[in-house]
$ cat entry_33.pdb   # PDB, C-alpha atoms
ATOM      1  CA  MET A   1       0.000   0.000   0.000  1.00  0.00           C
ATOM      2  CA  PHE A   2       2.851   2.368   0.811  1.00  0.00           C
ATOM      3  CA  ASN A   3       4.287   1.902  -2.685  1.00  0.00           C
ATOM      4  CA  GLU A   4       0.881   2.577  -4.229  1.00  0.00           C
ATOM      5  CA  ILE A   5       0.511   5.809  -2.253  1.00  0.00           C
ATOM      6  CA  LYS A   6       4.031   6.866  -3.218  1.00  0.00           C
ATOM      7  CA  ALA A   7       3.339   6.160  -6.899  1.00  0.00           C
ATOM      8  CA  ARG A   8       0.096   8.145  -6.734  1.00  0.00           C
ATOM      9  CA  LEU A   9       1.847  11.142  -5.155  1.00  0.00           C
ATOM     10  CA  GLN A  10       4.567  11.030  -7.820  1.00  0.00           C
ATOM     11  CA  ARG A  11       1.916  10.963 -10.529  1.00  0.00           C
ATOM     12  CA  GLU A  12       0.002  13.852  -8.950  1.00  0.00           C
ATOM     13  CA  ALA A  13       3.177  15.930  -9.003  1.00  0.00           C
ATOM     14  CA  PHE A  14       2.881  16.160 -12.805  1.00  0.00           C
ATOM     15  CA  LEU A  15      -0.392  14.648 -14.069  1.00  0.00           C
ATOM     16  CA  THR A  16      -2.543  16.680 -11.734  1.00  0.00           C
ATOM     17  CA  THR A  17      -6.068  15.890 -10.599  1.00  0.00           C
ATOM     18  CA  PRO A  18      -8.124  17.768  -7.977  1.00  0.00           C
ATOM     19  CA  LEU A  19      -6.133  15.864  -5.326  1.00  0.00           C
ATOM     20  CA  ALA A  20      -3.073  17.923  -6.254  1.00  0.00           C
ATOM     21  CA  ILE A  21      -4.846  21.087  -5.076  1.00  0.00           C
ATOM     22  CA  VAL A  22      -4.746  19.566  -1.597  1.00  0.00           C
ATOM     23  CA  ILE A  23      -1.224  18.142  -1.537  1.00  0.00           C
ATOM     24  CA  SER A  24       0.938  20.292  -3.811  1.00  0.00           C
ATOM     25  CA  PRO A  25       2.499  23.691  -3.044  1.00  0.00           C
ATOM     26  CA  VAL A  26       3.300  24.030  -6.774  1.00  0.00           C
ATOM     27  CA  TYR A  27      -0.153  23.044  -7.987  1.00  0.00           C
ATOM     28  CA  ILE A  28      -0.585  26.221 -10.059  1.00  0.00           C
ATOM     29  CA  ILE A  29       2.619  25.590 -11.990  1.00  0.00           C
ATOM     30  CA  ARG A  30       2.050  21.894 -12.511  1.00  0.00           C
ATOM     31  CA  ARG A  31      -1.624  22.237 -13.448  1.00  0.00           C
ATOM     32  CA  GLY A  32      -0.828  24.858 -16.071  1.00  0.00           C
ATOM     33  CA  LEU A  33       1.894  22.687 -17.571  1.00  0.00           C
ATOM     34  CA  TYR A  34      -0.246  19.558 -17.566  1.00  0.00           C
ATOM     35  CA  LYS A  35      -3.185  21.228 -19.317  1.00  0.00           C
ATOM     36  CA  ASN A  36      -0.991  22.719 -22.038  1.00  0.00           C
ATOM     37  CA  ILE A  37       1.056  19.572 -22.637  1.00  0.00           C
ATOM     38  CA  LEU A  38      -2.101  17.445 -22.696  1.00  0.00           C
ATOM     39  CA  GLN A  39      -3.534  19.695 -25.390  1.00  0.00           C
ATOM     40  CA  MET A  40      -0.395  19.652 -27.552  1.00  0.00           C
ATOM     41  CA  ALA A  41       0.835  16.072 -27.073  1.00  0.00           C
ATOM     42  CA  PRO A  42      -1.505  14.312 -29.579  1.00  0.00           C
ATOM     43  CA  ARG A  43       0.025  16.435 -32.341  1.00  0.00           C
ATOM     44  CA  ILE A  44       3.436  14.855 -31.726  1.00  0.00           C
ATOM     45  CA  THR A  45       3.855  11.689 -33.791  1.00  0.00           C
ATOM     46  CA  GLY A  46       6.493   9.159 -34.824  1.00  0.00           C
ATOM     47  CA  ASP A  47       9.788   8.560 -33.024  1.00  0.00           C
ATOM     48  CA  VAL A  48      10.085  11.008 -30.111  1.00  0.00           C
ATOM     49  CA  LEU A  49      13.159  12.041 -28.116  1.00  0.00           C
ATOM     50  CA  ASP A  50      12.636  13.431 -24.605  1.00  0.00           C
ATOM     51  CA  LEU A  51      15.644  15.681 -23.924  1.00  0.00           C
ATOM     52  CA  GLY A  52      16.390  15.965 -20.207  1.00  0.00           C
ATOM     53  CA  CYS A  53      13.812  13.261 -19.600  1.00  0.00           C
ATOM     54  CA  GLY A  54      14.258  12.546 -15.890  1.00  0.00           C
ATOM     55  CA  ARG A  55      11.300  10.349 -14.899  1.00  0.00           C
ATOM     56  CA  LYS A  56       9.558  10.872 -18.254  1.00  0.00           C
ATOM     57  CA  PRO A  57       6.562  12.270 -16.350  1.00  0.00           C
ATOM     58  CA  TYR A  58       4.535  13.167 -19.444  1.00  0.00           C
ATOM     59  CA  GLU A  59       5.305  10.119 -21.611  1.00  0.00           C
ATOM     60  CA  SER A  60       1.785   8.693 -21.248  1.00  0.00           C
ATOM     61  CA  LEU A  61       0.303  11.813 -22.856  1.00  0.00           C
ATOM     62  CA  PHE A  62       2.039  11.175 -26.179  1.00  0.00           C
ATOM     63  CA  VAL A  63      -0.502   8.697 -27.438  1.00  0.00           C
ATOM     64  CA  ASN A  64       0.514   9.048 -31.088  1.00  0.00           C
ATOM     65  CA  ALA A  65       4.228   8.440 -30.565  1.00  0.00           C
ATOM     66  CA  LYS A  66       5.666   5.381 -32.283  1.00  0.00           C
ATOM     67  CA  SER A  67       8.589   5.279 -29.829  1.00  0.00           C
ATOM     68  CA  TYR A  68       9.609   7.431 -26.858  1.00  0.00           C
ATOM     69  CA  THR A  69      13.321   7.666 -26.007  1.00  0.00           C
ATOM     70  CA  GLY A  70      14.733   9.503 -22.994  1.00  0.00           C
ATOM     71  CA  VAL A  71      18.152  11.148 -22.831  1.00  0.00           C
ATOM     72  CA  ASP A  72      19.717  13.106 -19.971  1.00  0.00           C
ATOM     73  CA  VAL A  73      23.039  14.248 -18.543  1.00  0.00           C
ATOM     74  CA  GLU A  74      24.494  12.371 -15.591  1.00  0.00           C
ATOM     75  CA  ALA A  75      25.556  15.480 -13.634  1.00  0.00           C
ATOM     76  CA  SER A  76      22.579  17.707 -12.891  1.00  0.00           C
ATOM     77  CA  GLY A  77      20.813  19.478 -10.050  1.00  0.00           C
ATOM     78  CA  HIS A  78      18.943  16.287  -9.074  1.00  0.00           C
ATOM     79  CA  ASN A  79      19.861  12.632  -8.757  1.00  0.00           C
ATOM     80  CA  HIS A  80      18.600  10.008 -11.183  1.00  0.00           C
ATOM     81  CA  LYS A  81      17.411   7.507  -8.576  1.00  0.00           C
ATOM     82  CA  ASN A  82      13.889   7.405 -10.010  1.00  0.00           C
ATOM     83  CA  SER A  83      14.749   8.475 -13.538  1.00  0.00           C
ATOM     84  CA  LYS A  84      13.900   6.546 -16.700  1.00  0.00           C
ATOM     85  CA  VAL A  85      16.915   7.501 -18.775  1.00  0.00           C
ATOM     86  CA  ASP A  86      17.577   5.379 -21.867  1.00  0.00           C
ATOM     87  CA  TYR A  87      20.781   7.183 -22.866  1.00  0.00           C
ATOM     88  CA  TYR A  88      23.154   9.569 -21.136  1.00  0.00           C
ATOM     89  CA  TYR A  89      25.083  12.188 -23.050  1.00  0.00           C
ATOM     90  CA  ASP A  90      27.912  14.603 -22.343  1.00  0.00           C
ATOM     91  CA  GLY A  91      25.868  17.802 -22.734  1.00  0.00           C
ATOM     92  CA  LYS A  92      27.497  18.496 -26.090  1.00  0.00           C
ATOM     93  CA  THR A  93      26.763  15.720 -28.601  1.00  0.00           C
ATOM     94  CA  LEU A  94      23.535  13.724 -28.577  1.00  0.00           C
ATOM     95  CA  PRO A  95      24.275   9.991 -29.056  1.00  0.00           C
ATOM     96  CA  PHE A  96      22.069   9.616 -32.136  1.00  0.00           C
ATOM     97  CA  PRO A  97      22.599   9.831 -35.907  1.00  0.00           C
ATOM     98  CA  ASP A  98      21.488  12.734 -38.083  1.00  0.00           C
ATOM     99  CA  ASN A  99      17.805  13.019 -39.059  1.00  0.00           C
ATOM    100  CA  HIS A 100      16.802  10.283 -36.617  1.00  0.00           C
ATOM    101  CA  PHE A 101      13.708  11.573 -34.756  1.00  0.00           C
ATOM    102  CA  ASP A 102      10.339  12.894 -35.856  1.00  0.00           C
ATOM    103  CA  ALA A 103      10.054  15.065 -32.754  1.00  0.00           C
ATOM    104  CA  VAL A 104      12.068  16.303 -29.789  1.00  0.00           C
ATOM    105  CA  VAL A 105      10.289  17.259 -26.568  1.00  0.00           C
ATOM    106  CA  SER A 106      11.792  18.862 -23.485  1.00  0.00           C
ATOM    107  CA  PHE A 107      10.045  19.906 -20.291  1.00  0.00           C
ATOM    108  CA  GLU A 108      11.481  22.419 -17.831  1.00  0.00           C
ATOM    109  CA  VAL A 109      15.040  21.839 -19.024  1.00  0.00           C
ATOM    110  CA  PHE A 110      16.296  24.874 -20.921  1.00  0.00           C
ATOM    111  CA  GLU A 111      16.655  27.077 -17.850  1.00  0.00           C
ATOM    112  CA  HIS A 112      19.394  24.597 -16.891  1.00  0.00           C
ATOM    113  CA  VAL A 113      21.194  24.886 -20.249  1.00  0.00           C
ATOM    114  CA  PHE A 114      23.985  27.452 -20.350  1.00  0.00           C
ATOM    115  CA  ASN A 115      24.961  26.868 -23.997  1.00  0.00           C
ATOM    116  CA  ILE A 116      21.443  26.926 -25.430  1.00  0.00           C
ATOM    117  CA  ASP A 117      22.471  27.640 -29.042  1.00  0.00           C
ATOM    118  CA  ASP A 118      24.810  24.632 -29.064  1.00  0.00           C
ATOM    119  CA  VAL A 119      22.004  22.405 -27.797  1.00  0.00           C
ATOM    120  CA  PHE A 120      19.662  23.713 -30.493  1.00  0.00           C
ATOM    121  CA  VAL A 121      22.260  22.805 -33.121  1.00  0.00           C
ATOM    122  CA  GLU A 122      22.261  19.220 -31.823  1.00  0.00           C
ATOM    123  CA  ILE A 123      18.467  19.080 -31.704  1.00  0.00           C
ATOM    124  CA  ARG A 124      18.302  20.299 -35.287  1.00  0.00           C
ATOM    125  CA  ARG A 125      20.848  17.667 -36.307  1.00  0.00           C
ATOM    126  CA  VAL A 126      18.954  14.679 -34.875  1.00  0.00           C
ATOM    127  CA  LEU A 127      15.537  15.886 -36.096  1.00  0.00           C
ATOM    128  CA  LYS A 128      14.254  14.805 -39.482  1.00  0.00           C
ATOM    129  CA  PRO A 129      13.360  17.563 -41.963  1.00  0.00           C
ATOM    130  CA  GLY A 130       9.963  18.889 -40.926  1.00  0.00           C
ATOM    131  CA  GLY A 131      10.416  17.443 -37.425  1.00  0.00           C
ATOM    132  CA  GLN A 132       8.800  19.136 -34.437  1.00  0.00           C
ATOM    133  CA  LEU A 133      10.368  20.646 -31.334  1.00  0.00           C
ATOM    134  CA  PHE A 134       8.039  20.960 -28.355  1.00  0.00           C
ATOM    135  CA  ILE A 135       9.334  22.508 -25.123  1.00  0.00           C
ATOM    136  CA  THR A 136       8.226  24.130 -21.880  1.00  0.00           C
ATOM    137  CA  LEU A 137      10.315  26.416 -19.727  1.00  0.00           C
ATOM    138  CA  PRO A 138       9.711  28.584 -16.651  1.00  0.00           C
ATOM    139  CA  PHE A 139       9.520  32.349 -16.413  1.00  0.00           C
ATOM    140  CA  ALA A 140       8.263  33.380 -12.946  1.00  0.00           C
ATOM    141  CA  LEU A 141       9.977  30.752 -10.819  1.00  0.00           C
ATOM    142  CA  TYR A 142      12.473  30.697  -7.953  1.00  0.00           C
ATOM    143  CA  GLU A 143      16.006  29.407  -8.465  1.00  0.00           C
ATOM    144  CA  HIS A 144      16.134  25.627  -8.297  1.00  0.00           C
ATOM    145  CA  GLU A 145      18.407  22.621  -8.863  1.00  0.00           C
ATOM    146  CA  MET A 146      21.357  24.772  -7.936  1.00  0.00           C
ATOM    147  CA  PRO A 147      23.995  25.411  -9.155  1.00  0.00           C
ATOM    148  CA  PHE A 148      22.530  24.453 -12.538  1.00  0.00           C
ATOM    149  CA  ASP A 149      19.904  27.175 -12.938  1.00  0.00           C
ATOM    150  CA  PHE A 150      21.102  29.605 -15.603  1.00  0.00           C
ATOM    151  CA  ALA A 151      18.291  31.484 -17.341  1.00  0.00           C
ATOM    152  CA  ARG A 152      14.697  32.662 -17.708  1.00  0.00           C
ATOM    153  CA  TYR A 153      13.175  33.499 -21.101  1.00  0.00           C
ATOM    154  CA  THR A 154      10.321  35.798 -21.996  1.00  0.00           C
ATOM    155  CA  SER A 155       8.005  34.602 -24.758  1.00  0.00           C
ATOM    156  CA  CYS A 156       9.823  36.957 -27.145  1.00  0.00           C
ATOM    157  CA  GLY A 157      13.198  35.718 -25.942  1.00  0.00           C
ATOM    158  CA  ILE A 158      12.538  32.043 -26.600  1.00  0.00           C
ATOM    159  CA  LYS A 159      10.940  32.860 -29.956  1.00  0.00           C
ATOM    160  CA  HIS A 160      14.185  34.628 -30.886  1.00  0.00           C
ATOM    161  CA  VAL A 161      16.214  31.557 -29.837  1.00  0.00           C
ATOM    162  CA  PHE A 162      14.051  29.301 -32.037  1.00  0.00           C
ATOM    163  CA  GLU A 163      14.306  31.572 -35.076  1.00  0.00           C
ATOM    164  CA  LYS A 164      18.013  32.245 -34.598  1.00  0.00           C
ATOM    165  CA  ASN A 165      18.553  28.500 -34.780  1.00  0.00           C
ATOM    166  CA  LYS A 166      16.421  28.107 -37.920  1.00  0.00           C
ATOM    167  CA  PHE A 167      13.257  26.756 -36.348  1.00  0.00           C
ATOM    168  CA  GLU A 168       9.833  27.974 -37.386  1.00  0.00           C
ATOM    169  CA  VAL A 169       7.698  28.863 -34.357  1.00  0.00           C
ATOM    170  CA  LEU A 170       4.217  27.402 -34.782  1.00  0.00           C
ATOM    171  CA  GLU A 171       2.670  28.241 -31.412  1.00  0.00           C
ATOM    172  CA  ILE A 172       3.609  29.935 -28.136  1.00  0.00           C
ATOM    173  CA  SER A 173       1.348  29.925 -25.099  1.00  0.00           C
ATOM    174  CA  LYS A 174       1.585  30.964 -21.449  1.00  0.00           C
ATOM    175  CA  THR A 175       0.383  28.549 -18.789  1.00  0.00           C
ATOM    176  CA  THR A 176      -1.009  31.025 -16.231  1.00  0.00           C
ATOM    177  CA  THR A 177      -2.365  34.509 -15.822  1.00  0.00           C
ATOM    178  CA  TYR A 178      -0.461  37.324 -14.121  1.00  0.00           C
ATOM    179  CA  PHE A 179      -2.572  36.871 -10.973  1.00  0.00           C
ATOM    180  CA  MET A 180      -1.978  33.113 -10.762  1.00  0.00           C
ATOM    181  CA  ALA A 181       1.772  33.598 -11.217  1.00  0.00           C
ATOM    182  CA  VAL A 182       1.832  36.026  -8.279  1.00  0.00           C
ATOM    183  CA  CYS A 183      -0.204  33.600  -6.165  1.00  0.00           C
ATOM    184  CA  GLN A 184       2.137  30.725  -7.018  1.00  0.00           C
ATOM    185  CA  LEU A 185       5.212  32.737  -6.047  1.00  0.00           C
ATOM    186  CA  PHE A 186       3.629  33.628  -2.708  1.00  0.00           C
ATOM    187  CA  ILE A 187       2.597  30.030  -2.010  1.00  0.00           C
ATOM    188  CA  ALA A 188       6.078  28.774  -2.941  1.00  0.00           C
ATOM    189  CA  TYR A 189       7.591  31.379  -0.613  1.00  0.00           C
ATOM    190  CA  LEU A 190       5.495  30.050   2.261  1.00  0.00           C
ATOM    191  CA  ALA A 191       6.239  26.415   1.422  1.00  0.00           C
ATOM    192  CA  GLN A 192       9.984  26.887   1.046  1.00  0.00           C
ATOM    193  CA  GLY A 193      10.833  29.648   3.471  1.00  0.00           C
ATOM    194  CA  VAL A 194       8.215  29.661   6.225  1.00  0.00           C
ATOM    195  CA  LEU A 195       6.671  26.228   6.774  1.00  0.00           C
ATOM    196  CA  PRO A 196       8.434  23.765   9.111  1.00  0.00           C
ATOM    197  CA  LYS A 197      10.849  21.289   7.550  1.00  0.00           C
ATOM    198  CA  ASN A 198       9.493  18.347   9.518  1.00  0.00           C
ATOM    199  CA  ALA A 199       7.560  16.194   7.038  1.00  0.00           C
ATOM    200  CA  VAL A 200       4.539  15.506   9.249  1.00  0.00           C
ATOM    201  CA  VAL A 201       4.180  19.118  10.408  1.00  0.00           C
ATOM    202  CA  SER A 202       4.716  20.355   6.861  1.00  0.00           C
ATOM    203  CA  ARG A 203       1.847  18.137   5.636  1.00  0.00           C
ATOM    204  CA  PHE A 204      -0.393  19.597   8.316  1.00  0.00           C
ATOM    205  CA  PHE A 205       0.394  23.163   7.238  1.00  0.00           C
ATOM    206  CA  GLN A 206      -0.104  22.111   3.617  1.00  0.00           C
ATOM    207  CA  LEU A 207      -3.685  21.166   4.496  1.00  0.00           C
ATOM    208  CA  VAL A 208      -4.545  24.165   6.654  1.00  0.00           C
ATOM    209  CA  LEU A 209      -2.677  26.866   4.715  1.00  0.00           C
ATOM    210  CA  ILE A 210      -1.507  25.944   1.201  1.00  0.00           C
ATOM    211  CA  PHE A 211      -4.639  24.039   0.200  1.00  0.00           C
ATOM    212  CA  PRO A 212      -6.944  27.002   1.049  1.00  0.00           C
ATOM    213  CA  LEU A 213      -4.604  29.393  -0.767  1.00  0.00           C
ATOM    214  CA  ASN A 214      -4.737  27.218  -3.893  1.00  0.00           C
ATOM    215  CA  ILE A 215      -8.537  27.316  -3.770  1.00  0.00           C
ATOM    216  CA  ILE A 216      -8.662  31.084  -3.160  1.00  0.00           C
ATOM    217  CA  SER A 217      -6.257  31.679  -6.065  1.00  0.00           C
ATOM    218  CA  ILE A 218      -8.442  29.688  -8.449  1.00  0.00           C
ATOM    219  CA  LEU A 219     -11.639  31.455  -7.344  1.00  0.00           C
ATOM    220  CA  PHE A 220     -10.230  34.969  -7.602  1.00  0.00           C
ATOM    221  CA  ASN A 221      -8.600  34.202 -10.955  1.00  0.00           C
ATOM    222  CA  ALA A 222     -12.003  33.226 -12.326  1.00  0.00           C
ATOM    223  CA  VAL A 223     -13.420  36.724 -11.777  1.00  0.00           C
ATOM    224  CA  LEU A 224     -10.421  39.053 -12.078  1.00  0.00           C
ATOM    225  CA  PRO A 225      -9.351  40.607 -15.429  1.00  0.00           C
ATOM    226  CA  LYS A 226      -6.916  38.352 -17.282  1.00  0.00           C
ATOM    227  CA  ARG A 227      -3.400  39.656 -17.914  1.00  0.00           C
ATOM    228  CA  TYR A 228      -0.388  37.685 -19.106  1.00  0.00           C
ATOM    229  CA  GLU A 229       2.679  39.931 -18.800  1.00  0.00           C
ATOM    230  CA  LEU A 230       3.764  37.748 -15.862  1.00  0.00           C
ATOM    231  CA  PHE A 231       3.288  33.990 -16.139  1.00  0.00           C
ATOM    232  CA  CYS A 232       4.675  30.787 -14.672  1.00  0.00           C
ATOM    233  CA  ASN A 233       5.702  28.853 -17.778  1.00  0.00           C
ATOM    234  CA  CYS A 234       5.968  29.184 -21.534  1.00  0.00           C
ATOM    235  CA  VAL A 235       5.006  26.400 -23.963  1.00  0.00           C
ATOM    236  CA  VAL A 236       6.510  26.457 -27.448  1.00  0.00           C
ATOM    237  CA  LEU A 237       5.910  24.298 -30.516  1.00  0.00           C
ATOM    238  CA  GLY A 238       8.355  24.709 -33.373  1.00  0.00           C
ATOM    239  CA  LYS A 239       9.345  22.974 -36.579  1.00  0.00           C
ATOM    240  CA  LYS A 240      12.573  22.228 -38.405  1.00  0.00           C
ATOM    241  CA  PRO A 241      12.395  23.344 -42.049  1.00  0.00           C
ATOM    242  CA  ASN A 242      11.756  20.692 -44.706  1.00  0.00           C
ATOM    243  CA  TYR A 243      15.322  20.807 -46.035  1.00  0.00           C
TER
END
$ encode --input "entry_33.pdb" --output "structure tokens"
Amino acid sequence: MFNEIKARLQREAFLTTPLAIVISPVYIIRRGLYKNILQMAPRITGDVLDLGCGRKPYESLFVNAKSYTGVDVEASGHNHKNSKVDYYYDGKTLPFPDNHFDAVVSFEVFEHVFNIDDVFVEIRRVLKPGGQLFITLPFALYEHEMPFDFARYTSCGIKHVFEKNKFEVLEISKTTTYFMAVCQLFIAYLAQGVLPKNAVVSRFFQLVLIFPLNIISILFNAVLPKRYELFCNCVVLGKKPNY
């Protein structure tokens, strides 16, 4: 039973249901990502490479993928104890031949990439002509996985990176409103800097403080004017030219 509960909590961390409102201090971030990835994922077909795959938390959403391969670096801001990495690489050269994949996906990885143009060159190399590149990356988010947190990109900034590296940008979306981004930052501040570190006590405060704040954020967001100059995450779908 313990393993089943643990597996459910791990799933809720990414593939959120209403239970995540109760148990997660980053519900706003994860819900926004899940909804956007769920909407886009069926458009990704063929042989798919997950760059920086970790646990492959969103693999099940890619229902039209023929194959789903995960690659990651060994040295990162988190251990790979629960990861599902198929191949490791040196951060410079992906261990795959040219024109090998129909799509490359990458979730919450590029803020940890210092040499982003070099990585885009490798992605372009392993993608087939016309192949898709689908990524998410944070904007309003605290530093994390230190010391491997290097950058934040505006929607214009990541569009420039795509186009500079000869990718056509098909769609860009933002996962939250301005108000929800502010709420998430405040909730994360409480969870990381104020709540007790003891696991049992922390769970108690999650129920009596964070859970109500998640609910209040959702309710107020429903009636307040929608603005998007500040947002939690950016979702980008691009395409390698057909040559």
$ closest_residue --input "entry_33.pdb" --among "A:Ala191, A:Glu171, A:Ala13, A:Asp86" --to "Phe204 in chain A" --atoms "all atoms listed in the file"
A:Ala191
$ resolve_selection --input "entry_33.pdb" --expression "the PyMOL selection byres ((chain A and resi 173) around 6)" --output "JSON, numbers by chain"
{"A": [172, 174, 234, 235]}
$ residues_around --input "entry_33.pdb" --residues "Leu224 in chain A" --least-positions-apart "2" --cutoff "12 Å" --atoms "all atoms listed in the file" --output "compact mmCIF listing (two decimals) with C-alpha atoms, in the frame of the given file"
# COMPACT_ATOMS: atom_id res chain seq x y z
CA THR A 177 -2.37 34.51 -15.82
CA TYR A 178 -0.46 37.32 -14.12
CA PHE A 179 -2.57 36.87 -10.97
CA MET A 180 -1.98 33.11 -10.76
CA SER A 217 -6.26 31.68 -6.06
CA ILE A 218 -8.44 29.69 -8.45
CA LEU A 219 -11.64 31.46 -7.34
CA PHE A 220 -10.23 34.97 -7.60
CA ASN A 221 -8.60 34.20 -10.96
CA ALA A 222 -12.00 33.23 -12.33
CA LYS A 226 -6.92 38.35 -17.28
CA ARG A 227 -3.40 39.66 -17.91
$ residues_around --input "entry_33.pdb" --residues "Ser67 in chain A" --least-positions-apart "3" --cutoff "7 Å" --atoms "only C-alpha atoms" --output "count of residues only"
3
$ resolve_selection --input "entry_33.pdb" --expression "the PyMOL selection byres ((chain A and resi 190) around 12)" --output "PyMOL selection string"
chain A and resi 25-26+183-189+191-197+202+205-206+209-211+213
$ atom_distance --input "entry_33.pdb" --atom1 "CA of Val201 in chain A" --atom2 "CA of Pro138 in chain A"
29.2 Å
$ resolve_selection --input "entry_33.pdb" --expression "the PyMOL selection byres ((chain A and resi 88) around 12)" --output "NGL selection string"
:A and (50-54 or 69-76 or 80 or 83-87 or 89-96)
$ atom_distance --input "entry_33.pdb" --atom1 "CA of Pro18 in chain A" --atom2 "CA of Ala199 in chain A"
21.8 Å
$ closest_residue --input "entry_33.pdb" --among "A:Leu170, A:Leu61, A:Leu19, A:Cys156" --to "Asn36 in chain A" --atoms "all atoms listed in the file"
A:Leu61
$ closest_residue --input "entry_33.pdb" --among "A:Leu15, A:Ile37, A:Ala65, A:Leu237" --to "Gln132 in chain A" --atoms "all atoms listed in the file"
A:Leu237
$ closest_residue --input "entry_33.pdb" --among "A:Leu230, A:Ile21, A:Ile216, A:Leu49" --to "Lys66 in chain A" --atoms "only C-alpha atoms"
A:Leu49
$ residues_around --input "entry_33.pdb" --residues "Phe107 in chain A" --least-positions-apart "2" --cutoff "6 Å" --atoms "only C-alpha atoms" --output "list of chain:residue names"
A:Val109, A:Ile135, A:Thr136
$ closest_residue --input "entry_33.pdb" --among "A:Val22, A:Tyr243, A:Thr17, A:Asp149" --to "Leu207 in chain A" --atoms "only C-alpha atoms"
A:Val22
$ atom_distance --input "entry_33.pdb" --atom1 "CA of Glu229 in chain A" --atom2 "CA of Pro212 in chain A"
25.6 Å
$ closest_residue --input "entry_33.pdb" --among "A:Arg124, A:Phe134, A:Pro97, A:Asp117" --to "Phe62 in chain A" --atoms "only C-alpha atoms"
A:Phe134
$ residues_around --input "entry_33.pdb" --residues "Lys166 in chain A" --least-positions-apart "3" --cutoff "10 Å" --atoms "all atoms listed in the file" --output "PyMOL selection string"
chain A and resi 120-121+124+160-163+169+238-241
$ residues_around --input "entry_33.pdb" --residues "Phe150 in chain A" --least-positions-apart "3" --cutoff "9 Å" --atoms "all atoms listed in the file" --output "list of chain:residue names"
A:Phe110, A:Glu111, A:His112, A:Val113, A:Phe114, A:Glu143, A:Pro147
$ axis_aligned_box --input "entry_33.pdb" --around "range 41-50 of chain A" --padding-each-side "5 Å" --output "AutoDock Vina command-line options"
--center_x 5.8 --center_y 12.5 --center_z -29.7 --size_x 24.7 --size_y 17.9 --size_z 20.2
